[in-house]
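This is upload_5.csv. It holds CSV, C-alpha atoms and all ligand atoms.
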chain,number,residue,atom,x,y,z
A,1,MET,CA,29.5,23.9,33.1
A,2,LYS,CA,29.9,21.7,30.1
A,3,ARG,CA,26.6,20.8,28.5
A,4,THR,CA,26.5,17.1,27.5
A,5,ALA,CA,24.2,16.1,24.7
A,6,ARG,CA,21.0,14.3,25.7
A,7,PRO,CA,21.2,10.5,25.3
A,8,TRP,CA,19.9,9.7,21.9
A,9,CYS,CA,18.9,6.6,20.0
A,10,ALA,CA,17.3,6.2,16.5
A,11,LEU,CA,15.1,3.4,15.3
A,12,VAL,CA,15.7,3.4,11.6
A,13,GLY,CA,13.7,1.5,8.9
A,14,ALA,CA,16.1,-0.2,6.5
A,15,GLY,CA,13.3,-1.2,4.1
A,16,PRO,CA,12.9,-4.6,2.5
A,17,GLY,CA,16.5,-5.0,1.3
A,18,ASP,CA,17.1,-3.1,-1.8
A,19,PRO,CA,19.4,-0.2,-0.8
A,20,GLU,CA,17.7,2.1,-3.3
A,21,LEU,CA,14.5,1.7,-1.2
A,22,LEU,CA,16.2,3.2,1.8
A,23,THR,CA,15.0,6.7,2.5
A,24,LEU,CA,17.5,9.6,2.4
A,25,LYS,CA,16.7,10.3,6.0
A,26,ALA,CA,17.3,6.7,7.0
A,27,LEU,CA,20.7,6.8,5.4
A,28,ARG,CA,21.6,10.1,6.9
A,29,VAL,CA,20.6,9.2,10.4
A,30,ALA,CA,22.1,5.7,10.2
A,31,ARG,CA,25.4,7.2,9.2
A,32,ARG,CA,25.5,9.2,12.4
A,33,ALA,CA,25.8,6.1,14.5
A,34,THR,CA,28.7,5.3,16.6
A,35,VAL,CA,27.0,2.1,17.7
A,36,LEU,CA,24.9,0.3,15.1
A,37,LEU,CA,22.6,-2.5,16.1
A,38,VAL,CA,21.6,-4.5,13.1
A,39,ASP,CA,18.6,-6.7,12.7
A,40,ASP,CA,18.8,-10.0,10.9
A,41,LEU,CA,16.3,-8.8,8.3
A,42,VAL,CA,18.6,-5.9,7.2
A,43,SER,CA,20.3,-6.8,3.9
A,44,ASP,CA,24.1,-6.8,3.5
A,45,ALA,CA,23.7,-4.3,0.7
A,46,VAL,CA,21.9,-1.8,3.0
A,47,LEU,CA,24.5,-2.3,5.7
A,48,SER,CA,27.4,-1.7,3.2
A,49,LEU,CA,25.8,1.5,2.1
A,50,VAL,CA,25.4,2.7,5.6
A,51,LEU,CA,29.1,1.9,6.5
A,52,ARG,CA,30.6,3.0,3.2
A,53,GLY,CA,33.5,5.4,3.9
A,54,ARG,CA,32.8,5.8,7.6
A,55,ARG,CA,36.0,6.6,9.4
A,56,PRO,CA,36.2,5.6,12.2
A,57,ALA,CA,33.7,2.8,11.5
A,58,PRO,CA,30.8,2.5,14.0
A,59,ARG,CA,30.8,-0.5,16.3
A,60,VAL,CA,28.4,-3.0,14.5
A,61,VAL,CA,26.4,-5.4,16.7
A,62,HIS,CA,24.4,-8.0,14.9
A,63,VAL,CA,21.3,-8.7,16.9
A,64,GLY,CA,18.9,-11.4,15.6
A,65,LYS,CA,19.1,-14.8,14.3
A,66,ARG,CA,21.1,-15.8,11.3
A,67,GLY,CA,22.0,-19.3,10.0
A,68,GLY,CA,19.8,-21.0,12.5
A,69,CYS,CA,21.4,-19.5,15.6
A,70,ASN,CA,19.2,-18.4,18.5
A,71,SER,CA,17.9,-14.9,18.3
A,72,THR,CA,19.4,-12.3,20.7
A,73,PRO,CA,16.9,-11.9,23.6
A,74,GLN,CA,14.9,-8.7,23.3
A,75,ALA,CA,15.6,-7.7,26.8
A,76,PHE,CA,19.4,-7.9,26.1
A,77,ILE,CA,19.0,-5.7,23.0
A,78,GLU,CA,17.0,-3.1,24.9
A,79,ARG,CA,19.5,-3.1,27.8
A,80,LEU,CA,22.4,-2.7,25.3
A,81,MET,CA,20.7,0.2,23.5
A,82,VAL,CA,20.0,2.0,26.8
A,83,ALA,CA,23.5,1.4,28.2
A,84,GLU,CA,25.2,2.6,25.1
A,85,ALA,CA,23.0,5.7,24.7
A,86,LEU,CA,23.5,6.7,28.4
A,87,ALA,CA,27.3,6.2,27.9
A,88,GLY,CA,27.1,8.9,25.2
A,89,GLN,CA,27.2,6.8,22.1
A,90,ARG,CA,25.0,7.7,19.1
A,91,VAL,CA,23.0,4.5,19.0
A,92,VAL,CA,21.1,3.5,15.8
A,93,ARG,CA,18.9,0.4,15.7
A,94,LEU,CA,18.6,-0.5,12.0
A,95,LYS,CA,15.5,-2.6,11.6
A,96,GLY,CA,14.1,-4.5,8.6
A,97,GLY,CA,11.2,-2.8,6.8
A,98,ASP,CA,9.6,-0.2,9.0
A,99,PRO,CA,10.6,0.1,12.7
A,100,PHE,CA,7.0,0.6,13.9
A,101,THR,CA,5.4,-2.2,11.8
A,102,PHE,CA,5.7,-5.3,14.0
A,103,GLY,CA,9.3,-6.1,14.9
A,104,ARG,CA,9.0,-4.6,18.5
A,105,GLY,CA,10.0,-1.1,17.7
A,106,GLY,CA,7.3,0.2,20.1
A,107,GLU,CA,8.7,-1.7,23.0
A,108,GLU,CA,12.2,-0.5,22.3
A,109,ALA,CA,11.0,3.1,22.0
A,110,ALA,CA,9.1,2.9,25.3
A,111,THR,CA,12.1,1.4,27.2
A,112,LEU,CA,14.5,4.0,25.8
A,113,ARG,CA,12.2,6.8,26.8
A,114,ALA,CA,11.7,5.4,30.3
A,115,HIS,CA,15.4,5.7,30.7
A,116,GLY,CA,15.5,9.3,29.6
A,117,VAL,CA,16.8,8.6,26.1
A,118,GLU,CA,15.6,10.7,23.3
A,119,VAL,CA,14.2,8.5,20.5
A,120,GLU,CA,14.1,9.3,16.9
A,121,VAL,CA,12.1,7.1,14.6
A,122,VAL,CA,12.6,7.0,10.8
A,123,ASN,CA,10.1,5.1,8.7
A,124,GLY,CA,11.0,2.5,6.2
A,125,ILE,CA,9.1,0.7,3.4
A,126,THR,CA,7.5,-2.2,5.1
A,127,SER,CA,8.0,-5.7,3.6
A,128,GLY,CA,4.2,-6.1,3.2
A,129,LEU,CA,4.1,-3.2,0.8
A,130,ALA,CA,7.2,-4.5,-1.0
A,131,ALA,CA,5.6,-7.9,-1.3
A,132,ALA,CA,2.4,-6.5,-2.9
A,133,THR,CA,4.5,-4.5,-5.4
A,134,ALA,CA,6.6,-7.6,-6.1
A,135,LEU,CA,3.3,-9.3,-7.1
A,136,GLY,CA,2.5,-6.4,-9.3
A,137,VAL,CA,-0.6,-5.3,-7.4
A,138,PRO,CA,-1.6,-2.0,-5.8
A,139,TRP,CA,-2.7,-3.3,-2.4
A,140,THR,CA,-5.6,-0.8,-2.3
A,141,HIS,CA,-6.7,-1.2,-6.0
A,142,ARG,CA,-10.1,0.4,-5.8
A,143,GLU,CA,-11.8,-2.1,-8.0
A,144,HIS,CA,-10.9,-4.9,-5.6
A,145,ALA,CA,-10.2,-3.6,-2.2
A,146,HIS,CA,-11.6,-1.1,0.4
A,147,GLY,CA,-8.4,-1.3,2.5
A,148,VAL,CA,-5.6,-3.4,3.8
A,149,MET,CA,-5.2,-5.3,7.1
A,150,LEU,CA,-1.7,-5.9,8.3
A,151,VAL,CA,-1.7,-8.8,10.7
A,152,THR,CA,0.7,-11.1,12.4
A,153,GLY,CA,0.4,-14.9,12.1
A,154,HIS,CA,2.5,-15.4,15.1
A,155,ALA,CA,1.0,-14.5,18.5
A,156,ARG,CA,3.1,-13.2,21.3
A,157,ASP,CA,4.1,-16.0,23.7
A,158,GLY,CA,1.2,-16.7,25.9
A,159,ALA,CA,-1.2,-14.3,24.1
A,160,ALA,CA,-4.3,-15.5,22.2
A,161,GLY,CA,-3.7,-15.3,18.5
A,162,LEU,CA,-6.1,-14.0,15.9
A,163,HIS,CA,-9.4,-15.7,15.3
A,164,TRP,CA,-8.9,-16.4,11.6
A,165,PRO,CA,-12.5,-17.1,10.7
A,166,THR,CA,-13.5,-13.7,12.1
A,167,LEU,CA,-10.7,-12.1,10.2
A,168,GLY,CA,-11.6,-13.9,7.1
A,169,ALA,CA,-15.2,-12.6,7.4
A,170,ALA,CA,-13.9,-9.1,7.5
A,171,ALA,CA,-11.4,-9.7,4.6
A,172,ALA,CA,-14.2,-11.2,2.5
A,173,GLN,CA,-15.8,-7.7,2.4
A,174,GLY,CA,-13.0,-6.5,0.3
A,175,LEU,CA,-9.9,-6.0,2.5
A,176,THR,CA,-6.5,-7.2,1.4
A,177,LEU,CA,-5.0,-9.4,4.1
A,178,VAL,CA,-1.3,-9.0,4.5
A,179,ILE,CA,0.1,-11.5,6.9
A,180,TYR,CA,3.6,-11.1,8.5
A,181,MET,CA,5.3,-14.0,10.3
A,182,GLY,CA,2.7,-16.4,9.0
A,183,MET,CA,4.9,-19.2,7.6
A,184,SER,CA,5.1,-21.4,10.6
A,185,HIS,CA,1.4,-21.5,11.0
A,186,LEU,CA,0.3,-21.5,7.4
A,187,PRO,CA,-2.0,-24.6,7.6
A,188,GLU,CA,-3.8,-23.3,10.7
A,189,LEU,CA,-4.3,-19.8,9.3
A,190,GLN,CA,-5.4,-21.3,6.0
A,191,ALA,CA,-8.0,-23.6,7.6
A,192,GLY,CA,-9.3,-20.7,9.8
A,193,LEU,CA,-9.7,-18.3,6.8
A,194,LEU,CA,-11.4,-21.1,4.7
A,195,ALA,CA,-14.2,-21.1,7.3
A,196,THR,CA,-15.4,-17.7,6.1
A,197,MET,CA,-13.7,-17.1,2.7
A,198,ALA,CA,-14.0,-18.9,-0.6
A,199,GLY,CA,-11.3,-21.4,-1.5
A,200,SER,CA,-11.0,-19.7,-4.8
A,201,THR,CA,-9.9,-16.4,-3.2
A,202,PRO,CA,-6.5,-15.5,-4.7
A,203,ALA,CA,-3.5,-15.9,-2.3
A,204,ALA,CA,0.2,-15.5,-2.6
A,205,VAL,CA,3.4,-15.9,-0.7
A,206,VAL,CA,6.4,-13.6,-1.3
A,207,GLN,CA,9.7,-14.7,0.2
A,208,SER,CA,12.5,-12.1,0.6
A,209,ALA,CA,10.5,-9.4,-1.0
A,210,GLY,CA,12.7,-6.6,-2.4
A,211,THR,CA,15.9,-8.6,-2.3
A,212,PRO,CA,17.8,-10.5,-5.0
A,213,ASP,CA,16.5,-13.7,-3.4
A,214,GLU,CA,12.9,-12.8,-3.9
A,215,ARG,CA,10.6,-15.7,-4.7
A,216,LEU,CA,6.9,-15.8,-5.4
A,217,CYS,CA,4.1,-18.3,-5.2
A,218,VAL,CA,0.7,-17.3,-6.5
A,219,THR,CA,-2.2,-19.6,-5.8
A,220,THR,CA,-5.6,-19.7,-4.2
A,221,LEU,CA,-6.6,-19.9,-0.5
A,222,ALA,CA,-7.5,-23.5,-1.0
A,223,GLY,CA,-4.0,-24.3,-2.3
A,224,LEU,CA,-2.0,-21.9,0.0
A,225,ALA,CA,-0.1,-24.2,2.4
A,226,ALA,CA,0.4,-27.1,0.0
A,227,ASP,CA,1.6,-24.9,-2.8
A,228,ALA,CA,3.9,-22.8,-0.6
A,229,ARG,CA,5.4,-26.0,0.8
A,230,SER,CA,6.0,-27.6,-2.6
A,231,ALA,CA,7.5,-24.4,-3.9
A,232,GLY,CA,9.9,-24.6,-0.9
A,233,LEU,CA,9.1,-21.2,0.4
A,234,GLY,CA,9.9,-20.2,4.0
A,235,SER,CA,10.7,-17.2,6.2
A,236,PRO,CA,11.0,-14.3,5.8
A,237,ALA,CA,7.8,-14.2,3.8
A,238,ILE,CA,4.6,-12.3,3.5
A,239,VAL,CA,1.3,-14.0,2.8
A,240,ILE,CA,-1.3,-11.9,0.9
A,241,VAL,CA,-4.9,-13.0,0.6
A,242,GLY,CA,-7.6,-11.2,-1.3
A,243,ASP,CA,-9.3,-10.3,-4.5
A,244,VAL,CA,-6.8,-7.5,-5.0
A,245,LEU,CA,-4.5,-10.2,-6.5
A,246,ARG,CA,-7.0,-10.4,-9.4
A,247,ALA,CA,-5.6,-7.0,-10.4
A,248,ARG,CA,-2.4,-8.9,-11.1
A,249,ALA,CA,-3.9,-10.7,-14.1
A,250,ALA,CA,-5.5,-7.5,-15.3
A,251,LEU,CA,-2.4,-5.5,-15.0
A,252,ARG,CA,-0.4,-8.2,-16.8
A,253,SER,CA,-2.9,-8.2,-19.7
A,254,ASP,CA,-2.7,-4.4,-19.8
A,255,VAL,CA,1.0,-4.7,-20.1
A,256,ARG,CA,0.7,-7.2,-22.9
A,257,GLN,CA,-1.7,-5.0,-24.7
A,258,ALA,CA,0.5,-2.0,-24.4
A,259,ALA,CA,3.5,-4.0,-25.7
B,301,LIG,N1,9.4,-4.3,10.6
B,301,LIG,C1,9.3,-5.3,9.5
B,301,LIG,C2,8.6,-6.6,10.0
B,301,LIG,C3,9.2,-7.3,11.1
B,301,LIG,S1,8.4,-8.8,11.6
B,301,LIG,C4,8.7,-4.7,8.3
B,301,LIG,O1,8.2,-3.6,8.4
B,301,LIG,O2,8.8,-5.3,7.2
B,301,LIG,C5,9.2,-10.0,10.7
B,301,LIG,C6,8.4,-10.5,9.5
B,301,LIG,O3,8.4,-9.5,8.5
B,301,LIG,C7,8.9,-11.8,8.8
B,301,LIG,O4,8.5,-12.9,9.5
B,301,LIG,C8,8.2,-11.7,7.5
B,301,LIG,O5,6.9,-12.0,7.6
B,301,LIG,C9,8.3,-10.2,7.2
B,301,LIG,N2,9.4,-9.8,6.4
B,301,LIG,C10,10.5,-9.0,6.7
B,301,LIG,N3,11.3,-8.8,5.7
B,301,LIG,C11,10.8,-9.4,4.6
B,301,LIG,C12,11.1,-9.6,3.3
B,301,LIG,N4,12.2,-9.0,2.7
B,301,LIG,N5,10.3,-10.3,2.5
B,301,LIG,C13,9.2,-10.9,3.0
B,301,LIG,N6,8.8,-10.8,4.3
B,301,LIG,C14,9.6,-10.1,5.1
As structure tokens, how would this structure be written, given the file I've shared?
Ligand code: SAH
Amino acid sequence: MKRTARPWCALVGAGPGDPELLTLKALRVARRATVLLVDDLVSDAVLSLVLRGRRPAPRVVHVGKRGGCNSTPQAFIERLMVAEALAGQRVVRLKGGDPFTFGRGGEEAATLRAHGVEVEVVNGITSGLAAATALGVPWTHREHAHGVMLVTGHARDGAAGLHWPTLGAAAAQGLTLVIYMGMSHLPELQAGLLATMAGSTPAAVVQSAGTPDERLCVTTLAGLAADARSAGLGSPAIVIVGDVLRARAALRSDVRQAA
């Protein structure tokens, strides 16, 4: 009897956008795809690298919102992944940043496994890390931070969001707060954090970290929403709050001294 390969799907992290930040494994696995489902946060440069020289080219399906269109419903994406994998296609879901850092990779993996599809996950550099590095700070700089909290500023529909004053109280103990999906609720999260954190706490927004369109706004918690708005920053962006941003000034003066 002919053995058929087990249905397979990979969730591959495309990193923040710079193709040189793609891992070797991500590139190797993504290039095995016969069907490639591409997230809106995956850069064109990364996609070109994955497709370069592929003959025949994989079928590329763009899932996600671009240019103001509605995003593809998650249930549709999951059904498509399952159906293609069960039909014998090598399905690769190329996701921005890291597939298991927000972005619903966990739900996708669970659905695939429930349908008997083998799931391979390849990590990528998450945009929060790329944002901290774009600001020139080590996010766990030991003089300023005991750790890092990655949080979402956008609660799941119907779910209670984070209690920002409680989070602020924890962050004030020396944790770097890295906020994903925070731009649409910036005034609310700022007000909540200000209940327990000093207005002078450094804060920054990094839009399109790790891409040629990268833009930064460095300010304080008190100025966060107003300064981000007047700088014209919007999604996709990471908000970073914490004393670790003071390392930025120190590093810069070190650089100047070294020069
Ligand atoms: N899995 C992704 C996160 C998906 S959630 C990762 O690991 O990076 C989507 C959110 O990620 C966006 O709302 C934004 O907050 C952030 N994001 C993704 N790519 C980004 C980028 N290049 N620059 C800044 N923020 C980004």
Per-residue nearest contacts of chain A to ligand LIG 301 (chain B) (6 Å; only C-alpha atoms and all ligand atoms) as JSON lines:
{"residue": "A:Pro16", "atom": "CA", "partner": "B:LIG301", "partner_atom": "N4", "distance": 4.5}
{"residue": "A:Leu41", "atom": "CA", "partner": "B:LIG301", "partner_atom": "N3", "distance": 5.6}
{"residue": "A:Gly96", "atom": "CA", "partner": "B:LIG301", "partner_atom": "C1", "distance": 4.9}
{"residue": "A:Gly97", "atom": "CA", "partner": "B:LIG301", "partner_atom": "C4", "distance": 3.5}
{"residue": "A:Asp98", "atom": "CA", "partner": "B:LIG301", "partner_atom": "O1", "distance": 3.7}
{"residue": "A:Pro99", "atom": "CA", "partner": "B:LIG301", "partner_atom": "N1", "distance": 5.0}
{"residue": "A:Thr101", "atom": "CA", "partner": "B:LIG301", "partner_atom": "O1", "distance": 4.6}
{"residue": "A:Phe102", "atom": "CA", "partner": "B:LIG301", "partner_atom": "C3", "distance": 5.0}
{"residue": "A:Gly103", "atom": "CA", "partner": "B:LIG301", "partner_atom": "C3", "distance": 4.0}
{"residue": "A:Thr126", "atom": "CA", "partner": "B:LIG301", "partner_atom": "O1", "distance": 3.7}
{"residue": "A:Ser127", "atom": "CA", "partner": "B:LIG301", "partner_atom": "O2", "distance": 3.7}
{"residue": "A:Tyr180", "atom": "CA", "partner": "B:LIG301", "partner_atom": "O5", "distance": 3.5}
{"residue": "A:Met181", "atom": "CA", "partner": "B:LIG301", "partner_atom": "O4", "distance": 3.5}
{"residue": "A:Val206", "atom": "CA", "partner": "B:LIG301", "partner_atom": "C13", "distance": 5.8}
{"residue": "A:Gln207", "atom": "CA", "partner": "B:LIG301", "partner_atom": "C13", "distance": 4.7}
{"residue": "A:Ser208", "atom": "CA", "partner": "B:LIG301", "partner_atom": "N5", "distance": 3.4}
{"residue": "A:Ala209", "atom": "CA", "partner": "B:LIG301", "partner_atom": "N5", "distance": 3.6}
{"residue": "A:Gly210", "atom": "CA", "partner": "B:LIG301", "partner_atom": "N4", "distance": 5.7}
{"residue": "A:Ser235", "atom": "CA", "partner": "B:LIG301", "partner_atom": "O4", "distance": 5.8}
{"residue": "A:Pro236", "atom": "CA", "partner": "B:LIG301", "partner_atom": "C8", "distance": 4.2}
{"residue": "A:Ala237", "atom": "CA", "partner": "B:LIG301", "partner_atom": "N6", "distance": 3.6}
{"residue": "A:Ile238", "atom": "CA", "partner": "B:LIG301", "partner_atom": "N6", "distance": 4.5}
May I ask which of the residues A:Leu27, A:Ala226, A:Val119, A:Val60 is the closest one to Leu11 in chain A, counting all atoms listed in the file?
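Comparing A:Leu27, A:Ala226, A:Val119, A:Val60 against Leu11 in chain A, the winner is A:Val119.
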Please tell me which residues are no farther than 10 Å from (2.5, -18.8, 9.2) in the file, counting only C-alpha atoms, and write them as an mmCIF file with C-alpha atoms, in the frame of the given file.
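Ended up saving to result.cif:
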data_model
loop_
_atom_site.group_PDB
_atom_site.id
_atom_site.type_symbol
_atom_site.label_atom_id
_atom_site.label_comp_id
_atom_site.auth_asym_id
_atom_site.auth_seq_id
_atom_site.Cartn_x
_atom_site.Cartn_y
_atom_site.Cartn_z
ATOM 1 C CA THR A 152 0.700 -11.100 12.400
ATOM 2 C CA GLY A 153 0.400 -14.900 12.100
ATOM 3 C CA HIS A 154 2.500 -15.400 15.100
ATOM 4 C CA ILE A 179 0.100 -11.500 6.900
ATOM 5 C CA TYR A 180 3.600 -11.100 8.500
ATOM 6 C CA MET A 181 5.300 -14.000 10.300
ATOM 7 C CA GLY A 182 2.700 -16.400 9.000
ATOM 8 C CA MET A 183 4.900 -19.200 7.600
ATOM 9 C CA SER A 184 5.100 -21.400 10.600
ATOM 10 C CA HIS A 185 1.400 -21.500 11.000
ATOM 11 C CA LEU A 186 0.300 -21.500 7.400
ATOM 12 C CA PRO A 187 -2.000 -24.600 7.600
ATOM 13 C CA GLU A 188 -3.800 -23.300 10.700
ATOM 14 C CA LEU A 189 -4.300 -19.800 9.300
ATOM 15 C CA GLN A 190 -5.400 -21.300 6.000
ATOM 16 C CA ALA A 225 -0.100 -24.200 2.400
ATOM 17 C CA GLY A 234 9.900 -20.200 4.000
ATOM 18 C CA SER A 235 10.700 -17.200 6.200
ATOM 19 C CA ALA A 237 7.800 -14.200 3.800
ATOM 20 C CA ILE A 238 4.600 -12.300 3.500
ATOM 21 C CA VAL A 239 1.300 -14.000 2.800
#
For Leu194 in chain A, which residue out of A:Val38, A:Val151, A:Leu216, A:Ala171 is the nearest one, using all atoms listed in the file?
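Under the stated criterion, the closest residue is A:Ala171.
Closest approach to Thr111 in chain A among A:His141, A:Arg54, A:Arg90, A:Arg79: A:Arg79, based on all atoms listed in the file.
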Mind checking which residues fall within 9 Å of range 80-87 of chain A, counting only C-alpha atoms, ignoring those fewer than 5 positions away in the same chain, and posting them as a ChimeraX atom specification?
/A:6-9,35,37,75,92-93,108,111-112,115-117
Using only C-alpha atoms, the best pick from A:Ala170, A:Trp164, A:Val50, A:Leu22 as closest to Ala191 in chain A would be A:Trp164
Could you check how far CA of Leu167 in chain A sits from CA of Gly147 in chain A, in Å to one decimal?
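We find that CA of Leu167 in chain A and CA of Gly147 in chain A lie 13.5 Å from each other.
If you count all atoms listed in the file and ignore residues fewer than 4 places along the chain from Ala26 in chain A, what sits within 9 Å of it is Val12, Gly13, Ala14, Leu22, Ala30, Arg31, Leu94, Val122, Asn123 and Gly124 of chain A.
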Mind writing the picked residues with C-alpha atoms as a short mmCIF file (atom, residue, chain, number, x, y, z; two decimals), keeping the file's coordinate frame?
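Saved the output as again-v1.cif:
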data_model
loop_
_atom_site.label_atom_id
_atom_site.label_comp_id
_atom_site.auth_asym_id
_atom_site.auth_seq_id
_atom_site.Cartn_x
_atom_site.Cartn_y
_atom_site.Cartn_z
CA VAL A 12 15.70 3.40 11.60
CA GLY A 13 13.70 1.50 8.90
CA ALA A 14 16.10 -0.20 6.50
CA LEU A 22 16.20 3.20 1.80
CA ALA A 30 22.10 5.70 10.20
CA ARG A 31 25.40 7.20 9.20
CA LEU A 94 18.60 -0.50 12.00
CA VAL A 122 12.60 7.00 10.80
CA ASN A 123 10.10 5.10 8.70
CA GLY A 124 11.00 2.50 6.20
#
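With only C-alpha atoms as the basis for measurement, A:Glu78 is the residue among A:Asp39, A:Gly192, A:Glu78, A:Arg59 that approaches Ala114 in chain A most closely.
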In terms of all atoms listed in the file, the residue from A:Leu245, A:Gly199, A:Gly161, A:Val205 at minimal distance from Ala228 in chain A is A:Val205
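Take CA of Met149 in chain A and CA of Met197 in chain A: the distance between them is 15.2 Å.
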